[in-house]
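*Asks:* Here it is, the structure, as structure tokens.
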Amino acid sequence: MQRVLAIYFSQTGQLGCALDSMIGGLDPEQFEVHVESIQPKTAYPFPWSLGEFVGVFPESVLGIAPEIETPSFDPDGDWDLVILAYTVWYLAPSLPIQGFLQSESARVLRDRPVVSLVACRNMWHTASEKMKRELDRLEAQLSDNVVVTDEGPTWATFVSTPRWMFTGKRDRFLRVFPPAGVSESTIEGLSRFGEALSARSDELTKRPVGPLLTGLGAVEIEERFVVPELIALVSFPFWAKLAVLSGPPGSILRAFTLTLFAVYLIFAILILIPVSIILRLLLYPFVAGPLRAYIERLRSPSGTAAPEPDHH
Ligand SMILES: Cc1cc2nc3c(=O)[nH]c(=O)nc-3n(C[C@H](O)[C@H](O)[C@H](O)COP(=O)(O)O)c2cc1C
């Protein structure tokens, strides 16, 4: 029997379902799985109010992580694989997961093969790079990264995701907007990664552990989001530091700065994304090389190649 530790934090249960589906593909004869839901000491609200939603922005971006309740697993136990499932908050791993990474319990990751699993709206690149750096710091052996996102068109998720976050309602809306979140079929499809891990479980003992989930479409790079995320990578820390400097959480000045940030964010999504697409086309000859290298990094370790079509 090999022992798998699956760690996650999910507010609506979406990431929990994604994790269950992946674990469901693991052969129960081969693997014993312990699932751990990370609990921040102070719970985050769901549904969110606008103020609370924007209020977690500075801490998310600057890595000011909350304290978490001590998890129930033994961090010094004998784990053969850790599945680390996280969502994205403001282009960073969600605060409870950052809390876990900064806690004593994170030593469980040291020298362990780690498969990361992300379920988010559509912007995961910067968070994934941050996570890779954190896993390096913790001396984990990142074997694979699996990402699923909302399939709805961006204009639709621009409405359906905030509606979900601020009202808790996820269903089809006004007949135009598809249900928010990752589709059921995509979530069900995650079991293929559990099955692949079962088939390749011998390789979990290798050091360094190589990618085990290649050729299964583990990630899909939406190239149109690469430049907007890079723009945010520069502007978000500026706004986050400004908010922290304005005053402690709850102060009027900080609320004012965060309101300005919220206006900037809507402007950025509506204007900067189209502008960055045009800029990228204009500057293509100059930026193509570095962008390609960055995209290759985002694809690693598992790659984007999808399964061969079944000809039977
Ligand atoms: C405060 C906050 C910020 C978010 N920022 C992003 C983001 O930058 N990129 C993204 O793709 N999704 C973002 N999301 C959506 C989440 O990644 C995720 O899809 C959603 O919260 C549902 O996750 P759950 O499994 O915890 O319910 C954000 C959600 C919250 C609550």
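Every chain in the structure tokens has a letter given in the order shown (A, B, ...), and although residue numbers restart at 1 in each chain, ligands are simply numbered from 1 in the order shown.
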Can you check which parts of chain A lie within 6 Å of ligand 1? Per residue, the shortest pair of atoms and distance in Å to one decimal, counting only C-alpha atoms and all ligand atoms, sorted by chain and number, as JSON lines.
*Replies:*
```
{"residue": "A:Ser10", "atom": "CA", "partner": "ligand 1", "partner_atom_place_in_ligand_line": "26 (O)", "distance": 3.3}
{"residue": "A:Gln11", "atom": "CA", "partner": "ligand 1", "partner_atom_place_in_ligand_line": "26 (O)", "distance": 3.7}
{"residue": "A:Thr12", "atom": "CA", "partner": "ligand 1", "partner_atom_place_in_ligand_line": "27 (O)", "distance": 3.4}
{"residue": "A:Gly13", "atom": "CA", "partner": "ligand 1", "partner_atom_place_in_ligand_line": "25 (O)", "distance": 5.0}
{"residue": "A:Gln14", "atom": "CA", "partner": "ligand 1", "partner_atom_place_in_ligand_line": "25 (O)", "distance": 4.0}
{"residue": "A:Leu15", "atom": "CA", "partner": "ligand 1", "partner_atom_place_in_ligand_line": "25 (O)", "distance": 3.8}
{"residue": "A:Phe53", "atom": "CA", "partner": "ligand 1", "partner_atom_place_in_ligand_line": "1 (C)", "distance": 5.1}
{"residue": "A:Thr87", "atom": "CA", "partner": "ligand 1", "partner_atom_place_in_ligand_line": "17 (O)", "distance": 4.3}
{"residue": "A:Val88", "atom": "CA", "partner": "ligand 1", "partner_atom_place_in_ligand_line": "17 (O)", "distance": 3.8}
{"residue": "A:Trp89", "atom": "CA", "partner": "ligand 1", "partner_atom_place_in_ligand_line": "3 (C)", "distance": 3.5}
{"residue": "A:Tyr90", "atom": "CA", "partner": "ligand 1", "partner_atom_place_in_ligand_line": "8 (O)", "distance": 3.5}
{"residue": "A:Leu91", "atom": "CA", "partner": "ligand 1", "partner_atom_place_in_ligand_line": "8 (O)", "distance": 3.9}
{"residue": "A:Ala119", "atom": "CA", "partner": "ligand 1", "partner_atom_place_in_ligand_line": "19 (O)", "distance": 5.8}
{"residue": "A:Cys120", "atom": "CA", "partner": "ligand 1", "partner_atom_place_in_ligand_line": "19 (O)", "distance": 3.3}
{"residue": "A:Arg121", "atom": "CA", "partner": "ligand 1", "partner_atom_place_in_ligand_line": "11 (O)", "distance": 3.6}
{"residue": "A:Asn122", "atom": "CA", "partner": "ligand 1", "partner_atom_place_in_ligand_line": "11 (O)", "distance": 3.9}
{"residue": "A:Met123", "atom": "CA", "partner": "ligand 1", "partner_atom_place_in_ligand_line": "11 (O)", "distance": 3.8}
{"residue": "A:Trp124", "atom": "CA", "partner": "ligand 1", "partner_atom_place_in_ligand_line": "11 (O)", "distance": 5.5}
```
*Asks:* Write the residues of the preceding selection, restricted to all heavy atoms, as a compact mmCIF listing (two decimals), in the first residue's frame.
*Replies:*
```txt
# COMPACT_ATOMS: atom_id res chain seq x y z
N SER A 10 -11.35 24.56 -0.13
CA SER A 10 -12.39 24.91 -1.10
C SER A 10 -13.56 25.55 -0.39
O SER A 10 -14.03 25.03 0.62
CB SER A 10 -12.84 23.63 -1.82
OG SER A 10 -13.91 23.91 -2.69
N GLN A 11 -14.03 26.69 -0.92
CA GLN A 11 -15.15 27.37 -0.26
C GLN A 11 -16.49 26.81 -0.69
O GLN A 11 -17.38 26.59 0.11
CB GLN A 11 -15.11 28.86 -0.62
CG GLN A 11 -14.15 29.64 0.21
CD GLN A 11 -14.46 31.11 0.11
OE1 GLN A 11 -14.51 31.66 -0.99
NE2 GLN A 11 -14.68 31.74 1.22
N THR A 12 -16.67 26.62 -2.00
CA THR A 12 -17.97 26.20 -2.51
C THR A 12 -18.03 24.69 -2.67
O THR A 12 -19.08 24.15 -3.00
CB THR A 12 -18.23 26.81 -3.90
OG1 THR A 12 -17.29 26.21 -4.82
CG2 THR A 12 -18.01 28.30 -3.91
N GLY A 13 -16.90 24.05 -2.52
CA GLY A 13 -16.85 22.60 -2.71
C GLY A 13 -16.37 22.22 -4.11
O GLY A 13 -16.14 21.05 -4.39
N GLN A 14 -16.22 23.22 -5.00
CA GLN A 14 -15.81 22.88 -6.38
C GLN A 14 -14.45 22.18 -6.40
O GLN A 14 -14.29 21.13 -7.02
CB GLN A 14 -15.75 24.14 -7.24
CG GLN A 14 -15.16 23.85 -8.61
CD GLN A 14 -15.21 25.02 -9.55
OE1 GLN A 14 -16.21 25.24 -10.22
NE2 GLN A 14 -14.15 25.79 -9.62
N LEU A 15 -13.48 22.77 -5.71
CA LEU A 15 -12.14 22.15 -5.73
C LEU A 15 -12.17 20.80 -5.01
O LEU A 15 -11.47 19.87 -5.39
CB LEU A 15 -11.11 23.09 -5.08
CG LEU A 15 -9.69 22.57 -5.09
CD1 LEU A 15 -9.13 22.46 -6.51
CD2 LEU A 15 -8.77 23.44 -4.25
N PHE A 53 -14.43 40.82 -0.22
CA PHE A 53 -13.76 40.23 -1.39
C PHE A 53 -12.52 41.05 -1.76
O PHE A 53 -11.44 40.50 -1.98
CB PHE A 53 -14.75 40.18 -2.56
CG PHE A 53 -14.26 39.42 -3.75
CD1 PHE A 53 -14.40 38.04 -3.83
CD2 PHE A 53 -13.67 40.08 -4.82
CE1 PHE A 53 -13.95 37.33 -4.94
CE2 PHE A 53 -13.21 39.39 -5.93
CZ PHE A 53 -13.36 38.00 -5.99
N THR A 87 -7.04 26.79 -5.04
CA THR A 87 -7.68 27.72 -5.97
C THR A 87 -6.83 28.99 -6.01
O THR A 87 -5.88 29.12 -5.23
CB THR A 87 -9.10 28.10 -5.53
OG1 THR A 87 -9.01 28.67 -4.23
CG2 THR A 87 -10.02 26.90 -5.51
N VAL A 88 -7.20 29.88 -6.92
CA VAL A 88 -6.42 31.10 -7.11
C VAL A 88 -7.20 32.28 -6.57
O VAL A 88 -8.38 32.44 -6.89
CB VAL A 88 -6.11 31.28 -8.62
CG1 VAL A 88 -5.34 32.57 -8.86
CG2 VAL A 88 -5.35 30.08 -9.16
N TRP A 89 -6.56 33.07 -5.74
CA TRP A 89 -7.14 34.34 -5.28
C TRP A 89 -6.17 35.45 -5.74
O TRP A 89 -5.01 35.46 -5.34
CB TRP A 89 -7.25 34.38 -3.74
CG TRP A 89 -8.33 33.51 -3.16
CD1 TRP A 89 -9.10 32.57 -3.81
CD2 TRP A 89 -8.77 33.48 -1.79
NE1 TRP A 89 -9.96 31.97 -2.93
CE2 TRP A 89 -9.79 32.51 -1.69
CE3 TRP A 89 -8.39 34.18 -0.63
CZ2 TRP A 89 -10.43 32.22 -0.48
CZ3 TRP A 89 -9.02 33.88 0.55
CH2 TRP A 89 -10.04 32.93 0.64
N TYR A 90 -6.66 36.34 -6.56
CA TYR A 90 -5.84 37.47 -7.04
C TYR A 90 -4.48 37.00 -7.57
O TYR A 90 -3.43 37.50 -7.16
CB TYR A 90 -5.67 38.52 -5.95
CG TYR A 90 -6.98 39.17 -5.57
CD1 TYR A 90 -7.61 38.88 -4.38
CD2 TYR A 90 -7.59 40.05 -6.45
CE1 TYR A 90 -8.83 39.45 -4.05
CE2 TYR A 90 -8.81 40.63 -6.13
CZ TYR A 90 -9.42 40.32 -4.93
OH TYR A 90 -10.63 40.89 -4.62
N LEU A 91 -4.54 36.03 -8.45
CA LEU A 91 -3.35 35.51 -9.14
C LEU A 91 -2.32 34.89 -8.19
O LEU A 91 -1.14 34.79 -8.51
CB LEU A 91 -2.68 36.60 -10.00
CG LEU A 91 -3.57 37.41 -10.94
CD1 LEU A 91 -2.73 38.35 -11.79
CD2 LEU A 91 -4.41 36.52 -11.84
N ALA A 119 -8.22 24.41 -9.58
CA ALA A 119 -9.51 24.65 -10.25
C ALA A 119 -9.84 26.10 -10.00
O ALA A 119 -10.04 26.51 -8.86
CB ALA A 119 -10.61 23.74 -9.68
N CYS A 120 -9.86 26.91 -11.07
CA CYS A 120 -10.11 28.35 -10.90
C CYS A 120 -10.85 28.90 -12.10
O CYS A 120 -11.19 28.15 -13.02
CB CYS A 120 -8.81 29.10 -10.66
SG CYS A 120 -7.74 29.14 -12.10
N ARG A 121 -11.08 30.21 -12.13
CA ARG A 121 -11.85 30.79 -13.23
C ARG A 121 -11.08 30.66 -14.55
O ARG A 121 -11.49 29.98 -15.44
CB ARG A 121 -12.17 32.26 -12.93
CG ARG A 121 -12.91 32.96 -14.04
CD ARG A 121 -13.26 34.40 -13.66
NE ARG A 121 -13.72 35.12 -14.82
CZ ARG A 121 -13.11 36.18 -15.34
NH1 ARG A 121 -11.99 36.62 -14.81
NH2 ARG A 121 -13.59 36.78 -16.40
N ASN A 122 -9.96 31.33 -14.67
CA ASN A 122 -9.15 31.15 -15.88
C ASN A 122 -7.74 31.70 -15.77
O ASN A 122 -6.92 31.49 -16.66
CB ASN A 122 -9.83 31.75 -17.13
CG ASN A 122 -10.21 33.21 -16.93
OD1 ASN A 122 -9.64 33.90 -16.10
ND2 ASN A 122 -11.16 33.69 -17.70
N MET A 123 -7.42 32.43 -14.71
CA MET A 123 -6.08 33.02 -14.63
C MET A 123 -5.28 32.34 -13.53
O MET A 123 -5.43 32.66 -12.35
CB MET A 123 -6.20 34.52 -14.37
CG MET A 123 -6.71 35.28 -15.58
SD MET A 123 -6.43 37.03 -15.37
CE MET A 123 -6.39 37.59 -17.06
N TRP A 124 -4.42 31.41 -13.94
CA TRP A 124 -3.70 30.60 -12.95
C TRP A 124 -2.18 30.66 -13.12
O TRP A 124 -1.44 30.12 -12.30
CB TRP A 124 -4.14 29.13 -13.06
CG TRP A 124 -3.98 28.56 -14.44
CD1 TRP A 124 -4.92 28.58 -15.43
CD2 TRP A 124 -2.82 27.91 -15.00
NE1 TRP A 124 -4.42 27.99 -16.58
CE2 TRP A 124 -3.13 27.57 -16.34
CE3 TRP A 124 -1.55 27.60 -14.51
CZ2 TRP A 124 -2.23 26.93 -17.18
CZ3 TRP A 124 -0.65 26.96 -15.36
CH2 TRP A 124 -0.99 26.64 -16.67
```
*Asks:* Using DSSP on the backbone coordinates, identify all residues within stretch 87-235 of chain A classified as alpha helix (DSSP H); present the result as an NGL selection string.
*Replies:* :A and (95-101 or 125-137 or 154-167 or 184-189 or 191-199 or 226-235)
*Asks:* Which residues of stretch 26-58 of chain A come within 8 Å of stretch 167-173 of chain A, and what is each one's closest atom pair and distance in Å (one decimal), counting only C-alpha atoms, sorted by chain and residue number, as CSV?
*Replies:*
```
residue,atom,partner,partner_atom,distance
A:Phe46,CA,A:Gly168,CA,7.1
A:Pro47,CA,A:Gly168,CA,5.2
A:Trp48,CA,A:Thr167,CA,7.5
```
*Asks:* Kindly export the residues of the current selection with C-alpha atoms, as a CSV table (one decimal), in the first residue's frame.
*Replies:*
```
chain,number,residue,atom,x,y,z
A,46,PHE,CA,-19.0,32.8,1.4
A,47,PRO,CA,-20.9,34.3,-0.3
A,48,TRP,CA,-18.6,37.4,-0.1
```
*Asks:* Considering only C-alpha atoms, give me a table of residues in stretch 223-264 of chain A that are at most 8 Å from stretch 272-294 of chain A, with the closest atom pair and distance in Å for each, as JSON lines.
*Replies:*
```
{"residue": "A:Arg224", "atom": "CA", "partner": "A:Ile277", "partner_atom": "CA", "distance": 6.6}
{"residue": "A:Phe225", "atom": "CA", "partner": "A:Ile273", "partner_atom": "CA", "distance": 7.6}
{"residue": "A:Val227", "atom": "CA", "partner": "A:Ser276", "partner_atom": "CA", "distance": 6.2}
{"residue": "A:Pro228", "atom": "CA", "partner": "A:Ile273", "partner_atom": "CA", "distance": 5.6}
```
*Asks:* Next, write the just-selected residues to a file, as a compact mmCIF listing (two decimals), in the first residue's frame, keeping N, CA, C and O atoms as the atom set.
*Replies:*
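In the end it all went to selection_1.txt:
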```
# COMPACT_ATOMS: atom_id res chain seq x y z
N ARG A 224 -3.77 34.16 -24.59
CA ARG A 224 -4.26 35.55 -24.49
C ARG A 224 -4.22 36.07 -23.06
O ARG A 224 -4.32 37.27 -22.82
N PHE A 225 -4.08 35.17 -22.07
CA PHE A 225 -4.01 35.65 -20.68
C PHE A 225 -2.59 35.88 -20.20
O PHE A 225 -2.38 36.39 -19.10
N VAL A 227 -0.04 37.91 -21.26
CA VAL A 227 0.39 39.31 -21.10
C VAL A 227 -0.43 40.03 -20.02
O VAL A 227 0.14 40.68 -19.14
N PRO A 228 -1.79 39.88 -20.02
CA PRO A 228 -2.53 40.53 -18.92
C PRO A 228 -2.03 40.08 -17.55
O PRO A 228 -1.93 40.90 -16.63
```
*Asks:* Tell me which of A:Gln39, A:Ser72, A:Thr154, A:Thr205 sits closest to A:Pro113, counting only C-alpha atoms.
*Replies:*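 Of A:Gln39, A:Ser72, A:Thr154, A:Thr205, the one nearest A:Pro113 is A:Thr205, counting only C-alpha atoms.
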*Asks:* Mind the document's chain letters and residue numbers, and return as a ChimeraX atom specification the residues of stretch 18-61 of chain A that DSSP labels strand (DSSP E or B).
*Replies:* /A:31-37,40
*Asks:* Just the selected residues (C-alpha atoms), exported as a PDB file, in the first residue's frame, please.
*Replies:*
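Result written to selection-v5.pdb:
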```
ATOM      1  CA  PHE A  31      -3.356   3.474  -2.369  1.00  0.00           C
ATOM      2  CA  GLU A  32      -4.580   4.551   1.021  1.00  0.00           C
ATOM      3  CA  VAL A  33      -5.661   8.213   0.914  1.00  0.00           C
ATOM      4  CA  HIS A  34      -5.920  10.753   3.739  1.00  0.00           C
ATOM      5  CA  VAL A  35      -7.849  13.885   2.735  1.00  0.00           C
ATOM      6  CA  GLU A  36      -7.142  17.063   4.700  1.00  0.00           C
ATOM      7  CA  SER A  37      -9.231  20.218   4.368  1.00  0.00           C
ATOM      8  CA  PRO A  40      -7.974  29.010   8.538  1.00  0.00           C
TER       9      PRO A  40
END
```
*Asks:* Could you list, as a PyMOL selection string, every residue within 10 Å of A:Phe238, counting only C-alpha atoms and ignoring same-chain residues fewer than 6 positions away?
*Replies:* chain A and resi 58+61-62+232
*Asks:* What is the atom CA of A:Ala65 to atom CA of A:Gly99 distance in Å?
*Replies:*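 One can read the atom CA of A:Ala65 to atom CA of A:Gly99 distance as 4.7 Å.
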*Asks:* Tell me which of A:Ser302, A:Ser191, A:Thr214, A:Thr42 sits closest to A:Asp20, counting only C-alpha atoms.
*Replies:*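 Of A:Ser302, A:Ser191, A:Thr214, A:Thr42, the one nearest A:Asp20 is A:Ser191, counting only C-alpha atoms.
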*Asks:* Residues within 7 Å of stretch 195-199 of chain A, please, as a list in words. Count only C-alpha atoms; anything in the same chain fewer than 5 positions from it doesn't count.
*Replies:*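 The neighbour list is Gly25, Leu26, Asp27, Leu212 and Leu213 of chain A.
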*Asks:* Between atom CA of A:Ala127 and atom CA of A:Arg163, measure the distance and give it in Å to one decimal.
*Replies:*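 About the pair atom CA of A:Ala127 and atom CA of A:Arg163: they are 22.9 Å apart.
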*Asks:* Quick one: residues within 8 Å of A:Leu142, only C-alpha atoms counted, chain neighbours fewer than 6 positions away excluded, as a list in words?
*Replies:* Pro113, Val114, Val115, Ser116, Lys132, Leu135, Val209 and Pro301 of chain A
*Asks:* Can I get the selected residues back with N, CA, C and O atoms, as a tab-separated table (two decimals), in the first residue's frame?
*Replies:*
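What ended up in part_3.tsv:
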```
chain	number	residue	atom	x	y	z
A	113	PRO	N	7.13	13.53	-3.45
A	113	PRO	CA	6.53	13.83	-4.76
A	113	PRO	C	5.21	14.58	-4.54
A	113	PRO	O	4.41	14.17	-3.70
A	114	VAL	N	5.06	15.67	-5.26
A	114	VAL	CA	3.84	16.49	-5.12
A	114	VAL	C	3.17	16.63	-6.49
A	114	VAL	O	3.83	16.95	-7.48
A	115	VAL	N	1.87	16.37	-6.53
A	115	VAL	CA	1.07	16.69	-7.71
A	115	VAL	C	0.17	17.84	-7.30
A	115	VAL	O	-0.57	17.72	-6.31
A	116	SER	N	0.26	18.97	-8.01
A	116	SER	CA	-0.63	20.08	-7.66
A	116	SER	C	-1.85	20.06	-8.57
A	116	SER	O	-1.77	19.64	-9.73
A	132	LYS	N	5.25	27.06	-7.56
A	132	LYS	CA	6.49	26.32	-7.86
A	132	LYS	C	7.63	26.85	-7.00
A	132	LYS	O	8.45	26.08	-6.50
A	135	LEU	N	7.19	25.58	-3.47
A	135	LEU	CA	7.51	24.15	-3.36
A	135	LEU	C	9.02	23.94	-3.40
A	135	LEU	O	9.56	23.07	-2.73
A	209	VAL	N	11.86	12.83	-8.78
A	209	VAL	CA	10.70	12.17	-9.40
A	209	VAL	C	10.36	12.92	-10.68
A	209	VAL	O	10.35	14.15	-10.69
A	301	PRO	N	5.56	20.84	-15.09
A	301	PRO	CA	6.31	19.70	-15.59
A	301	PRO	C	5.49	18.77	-16.50
A	301	PRO	O	6.09	18.01	-17.27
```
*Asks:* Using only C-alpha atoms, which of A:Ser49, A:Ser143, A:Gln30, A:Ser105 sits nearest A:Phe73?
*Replies:* A:Ser105
*Asks:* Which of these residues is nearest to A:Gly210, using only C-alpha atoms: A:Val82, A:Gln141, A:Glu29, A:Ser94?
*Replies:*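 Using only C-alpha atoms, the shortest distance to A:Gly210 belongs to A:Gln141.
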